[in-house]
Amino acid sequence: MLTLGSVHPADLGEELPMMPVPLLSKEQIARLPERAREVVEYRKSGLSLNHIQGCPIDCAYCIRHTYGLWDQRRPRALMTDADAAAELVNHRYFQPHITPVQLFNRATEPFLPKVRPHTFAVLEDLDARGLTNHVLVITRHQLKPYDIDRLNQLRHLKVTLLFTYSGIDDEQIEPYPSHVAAESLKLMSAPARRRYRTILYWRPLVPGLNDTDAHLAVARSLSKHADATVFTGLFYRDEIAEYYRANGLPEPYDDTARRKIVPETLEERVLQTFAGATNLFRKTSCAVSYVHGLPDYNGHYGIRELCDICPLSQLKLCADAHRVPSAEDVRQAASVLPEADALKVVRISQRAAVVCGLETEQPRYFLQHALGFQVHDVDHPHHANRHGRADIGWKDTTAS
């Protein structure tokens, strides 16, 4: 049984009349945490648009903790949908037809009843511009048959619905039941003809919480309804760990990390469970590209141990698109960004371009998508066979 606590029922269901998402005043916006005021932000799998903020679902591990938004449970708007779409496409990081976009993946649930109209408003605005960019919409909410019809009206965007499913049944960790996402995945995947694609976003996998053989078997069965499956672990940041401790929740790890945590033995069990599957991926961009019949927009192909579970058809697409840039190519791509003035190219291999001099991750993601090639920061090395994950739960390996 879902515990609503102080949450208004209309935030989670459609039994009550719809109310508009309130638009914050300039004074209210000025009082938000600095990162929460940043409506457009680059994240690893795309340029993220988040002008609606606030979510009642309250997963204990939610990334909202790191933006100072955890206590904001009622969705609110920082600007109109039209202004938000314009800010996105006019952002210095946005490249038409190239930059992958993520919609409402940081601070709200895009298919909450009161947020759903904003989700479609942005999608339809971007589509009307003739843009063909990837748009990732991550959800765990209940979708409806009319969502199929409306999504099928989009003509240009490459839309992918990623259904977050964990199988976690501890309501203190995940109050909103996983079976809702499972049923939504089945519903949205059922039409034989559809313009959008579906992915089982199997996350977060956490040892001792949702990694029994039974959990894995259920996910394997559910994956048969999706165009592809991605498995990944937990972002366990300092702010999230503090929340776990303050609320007496069992801490999944002894330490925190800047990357997602997927222990080596857990990955091995996942791969054994999915033996023979041809649409399982370690990386979001790999799965999203695959379901649209395109090479990976993050250029992971050079990191060959990532590709050992990919279908041969996808390997060929990525191999044909794989181009190792020169140092001058990297510098030229960075020249349009003032914040990349201090960038230096440390080395370039078939795997990645390693750089230094960038104060934040965001320009690195821009370069990665502009080049279609992996760009790593020398201060945060990627280790062979860990697939860009945290060191926790892995044997010592060398940096790549």
# chains A, B, ... in the order shown; residues from 1 in each chain; ligands from 1
>>> residues_around(residues="segment 36-44 of chain A", least_positions_apart="6", cutoff="8 Å", atoms="only C-alpha atoms", output="list in words")
Ile29, Ala30, Asn50, His51, Tyr67, Gly68, Leu69, Leu78, Ala84, Glu87, Leu88, His91, Tyr93, Glu361, Gln362, Pro363, Tyr365 and Phe366 of chain A
>>> write_last_selection(atoms="C-alpha atoms", output="PDB file, in the first residue's frame")
ATOM      1  CA  ILE A  29      13.229  31.646  -7.695  1.00  0.00           C
ATOM      2  CA  ALA A  30      15.990  33.809  -6.215  1.00  0.00           C
ATOM      3  CA  ASN A  50      14.062  20.992 -15.604  1.00  0.00           C
ATOM      4  CA  HIS A  51      11.806  24.021 -15.362  1.00  0.00           C
ATOM      5  CA  TYR A  67      20.144  19.934  -5.663  1.00  0.00           C
ATOM      6  CA  GLY A  68      18.674  21.107  -2.363  1.00  0.00           C
ATOM      7  CA  LEU A  69      15.179  20.171  -3.574  1.00  0.00           C
ATOM      8  CA  LEU A  78      10.317  28.307 -12.846  1.00  0.00           C
ATOM      9  CA  ALA A  84      11.854  26.741 -21.244  1.00  0.00           C
ATOM     10  CA  GLU A  87      16.051  28.497 -23.353  1.00  0.00           C
ATOM     11  CA  LEU A  88      16.987  24.926 -24.216  1.00  0.00           C
ATOM     12  CA  HIS A  91      21.594  27.318 -24.899  1.00  0.00           C
ATOM     13  CA  TYR A  93      25.445  23.589 -25.330  1.00  0.00           C
ATOM     14  CA  GLU A 361      31.654  18.090 -16.145  1.00  0.00           C
ATOM     15  CA  GLN A 362      29.266  19.986 -18.423  1.00  0.00           C
ATOM     16  CA  PRO A 363      31.678  21.147 -21.166  1.00  0.00           C
ATOM     17  CA  TYR A 365      29.708  16.225 -22.085  1.00  0.00           C
ATOM     18  CA  PHE A 366      29.316  18.860 -24.804  1.00  0.00           C
TER      19      PHE A 366
END
>>> residues_around(residues="Gly233 of chain A", least_positions_apart="2", cutoff="7 Å", atoms="only C-alpha atoms", output="list in words")
Arg203, Pro204, Leu205, Val206, Phe235, Lys260, Ile261 and Val262 of chain A
>>> write_last_selection(atoms="N, CA and C atoms", output="PDB file, in the first residue's frame")
ATOM      1  N   ARG A 203      16.969  -0.151 -12.550  1.00  0.00           N
ATOM      2  CA  ARG A 203      17.820   0.589 -11.631  1.00  0.00           C
ATOM      3  C   ARG A 203      17.018   1.081 -10.431  1.00  0.00           C
ATOM      4  N   PRO A 204      17.676   1.358  -9.303  1.00  0.00           N
ATOM      5  CA  PRO A 204      19.068   1.012  -9.040  1.00  0.00           C
ATOM      6  C   PRO A 204      19.176  -0.413  -8.514  1.00  0.00           C
ATOM      7  N   LEU A 205      20.134  -1.142  -9.009  1.00  0.00           N
ATOM      8  CA  LEU A 205      20.435  -2.458  -8.468  1.00  0.00           C
ATOM      9  C   LEU A 205      21.310  -2.286  -7.231  1.00  0.00           C
ATOM     10  N   VAL A 206      20.857  -2.840  -6.120  1.00  0.00           N
ATOM     11  CA  VAL A 206      21.563  -2.657  -4.852  1.00  0.00           C
ATOM     12  C   VAL A 206      21.699  -4.008  -4.155  1.00  0.00           C
ATOM     13  N   PHE A 235      23.427   5.827  -7.469  1.00  0.00           N
ATOM     14  CA  PHE A 235      24.184   7.022  -7.147  1.00  0.00           C
ATOM     15  C   PHE A 235      24.113   7.181  -5.632  1.00  0.00           C
ATOM     16  N   LYS A 260      28.029   5.870 -10.351  1.00  0.00           N
ATOM     17  CA  LYS A 260      27.109   4.819  -9.928  1.00  0.00           C
ATOM     18  C   LYS A 260      27.885   3.590  -9.482  1.00  0.00           C
ATOM     19  N   ILE A 261      27.301   2.887  -8.517  1.00  0.00           N
ATOM     20  CA  ILE A 261      27.953   1.722  -7.927  1.00  0.00           C
ATOM     21  C   ILE A 261      27.275   0.446  -8.422  1.00  0.00           C
ATOM     22  N   VAL A 262      28.034  -0.374  -9.120  1.00  0.00           N
ATOM     23  CA  VAL A 262      27.581  -1.704  -9.531  1.00  0.00           C
ATOM     24  C   VAL A 262      28.720  -2.671  -9.241  1.00  0.00           C
TER      25      VAL A 262
END
>>> residues_around(residues="segment 314-331 of chain A", least_positions_apart="4", cutoff="7 Å", atoms="only C-alpha atoms", output="PyMOL selection string")
chain A and resi 290+294-296+301+310+335+345+350
>>> write_last_selection(atoms="all heavy atoms", output="PDB file, in the first residue's frame")
ATOM      1  N   TYR A 290      20.643   2.193 -29.906  1.00  0.00           N
ATOM      2  CA  TYR A 290      20.279   0.897 -30.490  1.00  0.00           C
ATOM      3  C   TYR A 290      18.809   0.853 -30.886  1.00  0.00           C
ATOM      4  O   TYR A 290      18.469   0.405 -32.001  1.00  0.00           O
ATOM      5  CB  TYR A 290      20.588  -0.214 -29.488  1.00  0.00           C
ATOM      6  CG  TYR A 290      19.935  -1.537 -29.797  1.00  0.00           C
ATOM      7  CD1 TYR A 290      20.411  -2.372 -30.804  1.00  0.00           C
ATOM      8  CD2 TYR A 290      18.820  -1.961 -29.058  1.00  0.00           C
ATOM      9  CE1 TYR A 290      19.809  -3.579 -31.080  1.00  0.00           C
ATOM     10  CE2 TYR A 290      18.213  -3.172 -29.330  1.00  0.00           C
ATOM     11  CZ  TYR A 290      18.704  -3.982 -30.344  1.00  0.00           C
ATOM     12  OH  TYR A 290      18.088  -5.181 -30.612  1.00  0.00           O
ATOM     13  N   LEU A 294      20.754   3.514 -34.542  1.00  0.00           N
ATOM     14  CA  LEU A 294      21.838   4.467 -34.749  1.00  0.00           C
ATOM     15  C   LEU A 294      23.059   4.090 -33.928  1.00  0.00           C
ATOM     16  O   LEU A 294      22.947   3.384 -32.923  1.00  0.00           O
ATOM     17  CB  LEU A 294      21.371   5.879 -34.349  1.00  0.00           C
ATOM     18  CG  LEU A 294      20.248   6.471 -35.206  1.00  0.00           C
ATOM     19  CD1 LEU A 294      19.683   7.709 -34.542  1.00  0.00           C
ATOM     20  CD2 LEU A 294      20.761   6.783 -36.604  1.00  0.00           C
ATOM     21  N   PRO A 295      24.256   4.559 -34.310  1.00  0.00           N
ATOM     22  CA  PRO A 295      25.447   4.316 -33.495  1.00  0.00           C
ATOM     23  C   PRO A 295      25.380   5.113 -32.190  1.00  0.00           C
ATOM     24  O   PRO A 295      24.709   6.145 -32.115  1.00  0.00           O
ATOM     25  CB  PRO A 295      26.600   4.800 -34.378  1.00  0.00           C
ATOM     26  CG  PRO A 295      25.969   5.786 -35.309  1.00  0.00           C
ATOM     27  CD  PRO A 295      24.577   5.291 -35.552  1.00  0.00           C
ATOM     28  N   ASP A 296      26.075   4.639 -31.192  1.00  0.00           N
ATOM     29  CA  ASP A 296      26.065   5.259 -29.863  1.00  0.00           C
ATOM     30  C   ASP A 296      26.528   6.709 -29.929  1.00  0.00           C
ATOM     31  O   ASP A 296      27.634   7.000 -30.365  1.00  0.00           O
ATOM     32  CB  ASP A 296      26.972   4.462 -28.926  1.00  0.00           C
ATOM     33  CG  ASP A 296      27.153   5.135 -27.574  1.00  0.00           C
ATOM     34  OD1 ASP A 296      26.196   5.781 -27.111  1.00  0.00           O
ATOM     35  OD2 ASP A 296      28.257   5.024 -27.019  1.00  0.00           O
ATOM     36  N   TYR A 301      32.301   3.000 -28.369  1.00  0.00           N
ATOM     37  CA  TYR A 301      32.830   1.849 -29.099  1.00  0.00           C
ATOM     38  C   TYR A 301      34.313   1.598 -28.836  1.00  0.00           C
ATOM     39  O   TYR A 301      34.766   0.448 -28.842  1.00  0.00           O
ATOM     40  CB  TYR A 301      32.597   2.033 -30.604  1.00  0.00           C
ATOM     41  CG  TYR A 301      33.130   0.892 -31.436  1.00  0.00           C
ATOM     42  CD1 TYR A 301      32.433  -0.317 -31.520  1.00  0.00           C
ATOM     43  CD2 TYR A 301      34.345   1.006 -32.124  1.00  0.00           C
ATOM     44  CE1 TYR A 301      32.925  -1.372 -32.265  1.00  0.00           C
ATOM     45  CE2 TYR A 301      34.835  -0.045 -32.881  1.00  0.00           C
ATOM     46  CZ  TYR A 301      34.132  -1.228 -32.946  1.00  0.00           C
ATOM     47  OH  TYR A 301      34.617  -2.279 -33.676  1.00  0.00           O
ATOM     48  N   CYS A 310      26.856  -6.482 -26.745  1.00  0.00           N
ATOM     49  CA  CYS A 310      26.058  -5.812 -27.772  1.00  0.00           C
ATOM     50  C   CYS A 310      25.773  -6.742 -28.946  1.00  0.00           C
ATOM     51  O   CYS A 310      26.599  -7.582 -29.300  1.00  0.00           O
ATOM     52  CB  CYS A 310      26.782  -4.579 -28.291  1.00  0.00           C
ATOM     53  SG  CYS A 310      27.071  -3.309 -27.034  1.00  0.00           S
ATOM     54  N   SER A 335      36.376  25.391 -28.716  1.00  0.00           N
ATOM     55  CA  SER A 335      36.628  26.823 -28.918  1.00  0.00           C
ATOM     56  C   SER A 335      35.373  27.681 -28.778  1.00  0.00           C
ATOM     57  O   SER A 335      35.463  28.884 -28.559  1.00  0.00           O
ATOM     58  CB  SER A 335      37.262  27.060 -30.292  1.00  0.00           C
ATOM     59  OG  SER A 335      36.350  26.719 -31.337  1.00  0.00           O
ATOM     60  N   VAL A 345      44.602  18.975 -23.976  1.00  0.00           N
ATOM     61  CA  VAL A 345      44.470  17.579 -24.368  1.00  0.00           C
ATOM     62  C   VAL A 345      45.685  16.827 -23.849  1.00  0.00           C
ATOM     63  O   VAL A 345      46.817  17.101 -24.253  1.00  0.00           O
ATOM     64  CB  VAL A 345      44.351  17.435 -25.887  1.00  0.00           C
ATOM     65  CG1 VAL A 345      44.226  15.966 -26.272  1.00  0.00           C
ATOM     66  CG2 VAL A 345      43.151  18.233 -26.401  1.00  0.00           C
ATOM     67  N   GLN A 350      42.461   5.088 -28.980  1.00  0.00           N
ATOM     68  CA  GLN A 350      41.245   4.541 -29.579  1.00  0.00           C
ATOM     69  C   GLN A 350      40.080   4.552 -28.597  1.00  0.00           C
ATOM     70  O   GLN A 350      38.910   4.558 -29.004  1.00  0.00           O
ATOM     71  CB  GLN A 350      41.497   3.100 -30.039  1.00  0.00           C
ATOM     72  CG  GLN A 350      42.369   2.977 -31.276  1.00  0.00           C
ATOM     73  CD  GLN A 350      41.628   3.355 -32.548  1.00  0.00           C
ATOM     74  OE1 GLN A 350      40.417   3.150 -32.662  1.00  0.00           O
ATOM     75  NE2 GLN A 350      42.349   3.920 -33.504  1.00  0.00           N
TER      76      GLN A 350
END
>>> residues_around(residues="segment 142-159 of chain A", least_positions_apart="2", cutoff="8 Å", atoms="only C-alpha atoms", output="NGL selection string")
:A and (111 or 123-124 or 126-127 or 130-137 or 140 or 161 or 180-181 or 183-184 or 187-188 or 194-197 or 292)
>>> write_last_selection(atoms="C-alpha atoms", output="mmCIF file, in the first residue's frame")
data_model
loop_
_atom_site.group_PDB
_atom_site.id
_atom_site.type_symbol
_atom_site.label_atom_id
_atom_site.label_comp_id
_atom_site.auth_asym_id
_atom_site.auth_seq_id
_atom_site.Cartn_x
_atom_site.Cartn_y
_atom_site.Cartn_z
ATOM 1 C CA PHE A 111 4.054 11.838 -16.087
ATOM 2 C CA LEU A 123 7.886 17.715 -26.717
ATOM 3 C CA GLU A 124 5.447 19.265 -29.168
ATOM 4 C CA LEU A 126 10.614 20.911 -29.969
ATOM 5 C CA ASP A 127 9.005 18.676 -32.585
ATOM 6 C CA GLY A 130 11.678 20.095 -36.970
ATOM 7 C CA LEU A 131 14.368 18.939 -34.549
ATOM 8 C CA THR A 132 15.470 15.312 -34.788
ATOM 9 C CA ASN A 133 17.424 15.162 -31.530
ATOM 10 C CA HIS A 134 17.145 12.213 -29.177
ATOM 11 C CA VAL A 135 14.765 13.051 -26.307
ATOM 12 C CA LEU A 136 14.898 10.789 -23.253
ATOM 13 C CA VAL A 137 11.884 10.753 -20.931
ATOM 14 C CA ARG A 140 8.092 5.270 -13.217
ATOM 15 C CA LEU A 161 10.631 6.288 -22.842
ATOM 16 C CA VAL A 180 3.321 0.535 -11.923
ATOM 17 C CA ALA A 181 6.375 1.095 -14.128
ATOM 18 C CA GLU A 183 2.610 -2.206 -16.367
ATOM 19 C CA SER A 184 3.335 1.114 -18.084
ATOM 20 C CA LEU A 187 1.242 -0.840 -22.221
ATOM 21 C CA MET A 188 3.530 1.507 -24.125
ATOM 22 C CA ARG A 194 4.767 3.466 -32.853
ATOM 23 C CA ARG A 195 7.176 6.338 -33.370
ATOM 24 C CA TYR A 196 8.695 6.262 -29.872
ATOM 25 C CA ARG A 197 10.833 3.513 -28.343
ATOM 26 C CA HIS A 292 16.585 3.920 -32.957
#
>>> decode(residues="segment 327-355 of chain A", atoms="N, CA, C and O atoms", output="mmCIF file, in the first residue's frame")
data_model
loop_
_atom_site.group_PDB
_atom_site.id
_atom_site.type_symbol
_atom_site.label_atom_id
_atom_site.label_comp_id
_atom_site.auth_asym_id
_atom_site.auth_seq_id
_atom_site.Cartn_x
_atom_site.Cartn_y
_atom_site.Cartn_z
ATOM 1 N N ALA A 327 43.943 16.077 -31.604
ATOM 2 C CA ALA A 327 43.950 17.080 -30.542
ATOM 3 C C ALA A 327 43.368 18.394 -31.046
ATOM 4 O O ALA A 327 42.655 19.104 -30.320
ATOM 5 N N GLU A 328 43.646 18.715 -32.303
ATOM 6 C CA GLU A 328 43.113 19.948 -32.878
ATOM 7 C C GLU A 328 41.598 19.868 -33.013
ATOM 8 O O GLU A 328 40.884 20.868 -32.800
ATOM 9 N N ASP A 329 41.063 18.686 -33.343
ATOM 10 C CA ASP A 329 39.610 18.511 -33.410
ATOM 11 C C ASP A 329 38.971 18.809 -32.055
ATOM 12 O O ASP A 329 37.918 19.462 -31.976
ATOM 13 N N VAL A 330 39.584 18.314 -30.987
ATOM 14 C CA VAL A 330 39.057 18.535 -29.640
ATOM 15 C C VAL A 330 39.107 20.021 -29.299
ATOM 16 O O VAL A 330 38.134 20.602 -28.796
ATOM 17 N N ARG A 331 40.235 20.647 -29.579
ATOM 18 C CA ARG A 331 40.365 22.077 -29.271
ATOM 19 C C ARG A 331 39.386 22.914 -30.101
ATOM 20 O O ARG A 331 38.806 23.888 -29.598
ATOM 21 N N GLN A 332 39.180 22.541 -31.335
ATOM 22 C CA GLN A 332 38.251 23.280 -32.191
ATOM 23 C C GLN A 332 36.821 23.152 -31.660
ATOM 24 O O GLN A 332 36.079 24.137 -31.619
ATOM 25 N N ALA A 333 36.431 21.956 -31.268
ATOM 26 C CA ALA A 333 35.087 21.763 -30.714
ATOM 27 C C ALA A 333 34.897 22.568 -29.436
ATOM 28 O O ALA A 333 33.810 23.076 -29.154
ATOM 29 N N ALA A 334 35.986 22.695 -28.649
ATOM 30 C CA ALA A 334 35.916 23.420 -27.370
ATOM 31 C C ALA A 334 35.981 24.928 -27.543
ATOM 32 O O ALA A 334 35.659 25.678 -26.612
ATOM 33 N N SER A 335 36.376 25.391 -28.716
ATOM 34 C CA SER A 335 36.628 26.823 -28.918
ATOM 35 C C SER A 335 35.373 27.681 -28.778
ATOM 36 O O SER A 335 35.463 28.884 -28.559
ATOM 37 N N VAL A 336 34.191 27.070 -28.901
ATOM 38 C CA VAL A 336 32.945 27.835 -28.805
ATOM 39 C C VAL A 336 32.506 28.025 -27.355
ATOM 40 O O VAL A 336 31.521 28.713 -27.098
ATOM 41 N N LEU A 337 33.230 27.416 -26.411
ATOM 42 C CA LEU A 337 32.851 27.479 -25.002
ATOM 43 C C LEU A 337 33.855 28.310 -24.211
ATOM 44 O O LEU A 337 35.011 27.901 -24.039
ATOM 45 N N PRO A 338 33.455 29.460 -23.680
ATOM 46 C CA PRO A 338 34.371 30.262 -22.865
ATOM 47 C C PRO A 338 34.916 29.500 -21.661
ATOM 48 O O PRO A 338 36.065 29.702 -21.265
ATOM 49 N N GLU A 339 34.087 28.615 -21.089
ATOM 50 C CA GLU A 339 34.519 27.878 -19.898
ATOM 51 C C GLU A 339 35.533 26.791 -20.215
ATOM 52 O O GLU A 339 36.045 26.122 -19.311
ATOM 53 N N ALA A 340 35.841 26.599 -21.492
ATOM 54 C CA ALA A 340 36.841 25.599 -21.891
ATOM 55 C C ALA A 340 38.149 26.245 -22.327
ATOM 56 O O ALA A 340 38.989 25.582 -22.934
ATOM 57 N N ASP A 341 38.338 27.524 -21.996
ATOM 58 C CA ASP A 341 39.555 28.228 -22.419
ATOM 59 C C ASP A 341 40.822 27.559 -21.916
ATOM 60 O O ASP A 341 41.868 27.595 -22.578
ATOM 61 N N ALA A 342 40.745 26.954 -20.725
ATOM 62 C CA ALA A 342 41.940 26.361 -20.125
ATOM 63 C C ALA A 342 42.115 24.888 -20.479
ATOM 64 O O ALA A 342 43.011 24.224 -19.958
ATOM 65 N N LEU A 343 41.274 24.369 -21.364
ATOM 66 C CA LEU A 343 41.340 22.950 -21.713
ATOM 67 C C LEU A 343 42.685 22.574 -22.338
ATOM 68 O O LEU A 343 43.217 23.298 -23.176
ATOM 69 N N LYS A 344 43.204 21.448 -21.920
ATOM 70 C CA LYS A 344 44.400 20.876 -22.525
ATOM 71 C C LYS A 344 44.135 19.407 -22.846
ATOM 72 O O LYS A 344 43.487 18.703 -22.064
ATOM 73 N N VAL A 345 44.602 18.975 -23.976
ATOM 74 C CA VAL A 345 44.470 17.579 -24.368
ATOM 75 C C VAL A 345 45.685 16.827 -23.849
ATOM 76 O O VAL A 345 46.817 17.101 -24.253
ATOM 77 N N VAL A 346 45.463 15.898 -22.947
ATOM 78 C CA VAL A 346 46.554 15.140 -22.330
ATOM 79 C C VAL A 346 47.018 14.014 -23.242
ATOM 80 O O VAL A 346 48.213 13.837 -23.489
ATOM 81 N N ARG A 347 46.058 13.259 -23.762
ATOM 82 C CA ARG A 347 46.385 12.174 -24.696
ATOM 83 C C ARG A 347 45.103 11.721 -25.386
ATOM 84 O O ARG A 347 44.001 11.964 -24.905
ATOM 85 N N ILE A 348 45.288 11.058 -26.512
ATOM 86 C CA ILE A 348 44.160 10.505 -27.263
ATOM 87 C C ILE A 348 44.513 9.083 -27.674
ATOM 88 O O ILE A 348 45.613 8.823 -28.177
ATOM 89 N N SER A 349 43.582 8.169 -27.437
ATOM 90 C CA SER A 349 43.755 6.780 -27.851
ATOM 91 C C SER A 349 42.502 6.342 -28.575
ATOM 92 O O SER A 349 41.551 7.120 -28.750
ATOM 93 N N GLN A 350 42.461 5.088 -28.980
ATOM 94 C CA GLN A 350 41.245 4.541 -29.579
ATOM 95 C C GLN A 350 40.080 4.552 -28.597
ATOM 96 O O GLN A 350 38.910 4.558 -29.004
ATOM 97 N N ARG A 351 40.392 4.588 -27.306
ATOM 98 C CA ARG A 351 39.359 4.521 -26.279
ATOM 99 C C ARG A 351 38.729 5.879 -25.990
ATOM 100 O O ARG A 351 37.505 5.998 -25.870
ATOM 101 N N ALA A 352 39.567 6.909 -25.837
ATOM 102 C CA ALA A 352 39.050 8.191 -25.370
ATOM 103 C C ALA A 352 40.079 9.292 -25.548
ATOM 104 O O ALA A 352 41.285 9.027 -25.633
ATOM 105 N N ALA A 353 39.573 10.517 -25.571
ATOM 106 C CA ALA A 353 40.425 11.691 -25.450
ATOM 107 C C ALA A 353 40.449 12.076 -23.976
ATOM 108 O O ALA A 353 39.389 12.269 -23.362
ATOM 109 N N VAL A 354 41.633 12.167 -23.398
ATOM 110 C CA VAL A 354 41.786 12.526 -21.989
ATOM 111 C C VAL A 354 42.203 13.990 -21.928
ATOM 112 O O VAL A 354 43.181 14.397 -22.575
ATOM 113 N N VAL A 355 41.449 14.783 -21.156
ATOM 114 C CA VAL A 355 41.685 16.217 -21.107
ATOM 115 C C VAL A 355 41.839 16.683 -19.659
ATOM 116 O O VAL A 355 41.523 15.951 -18.717
#
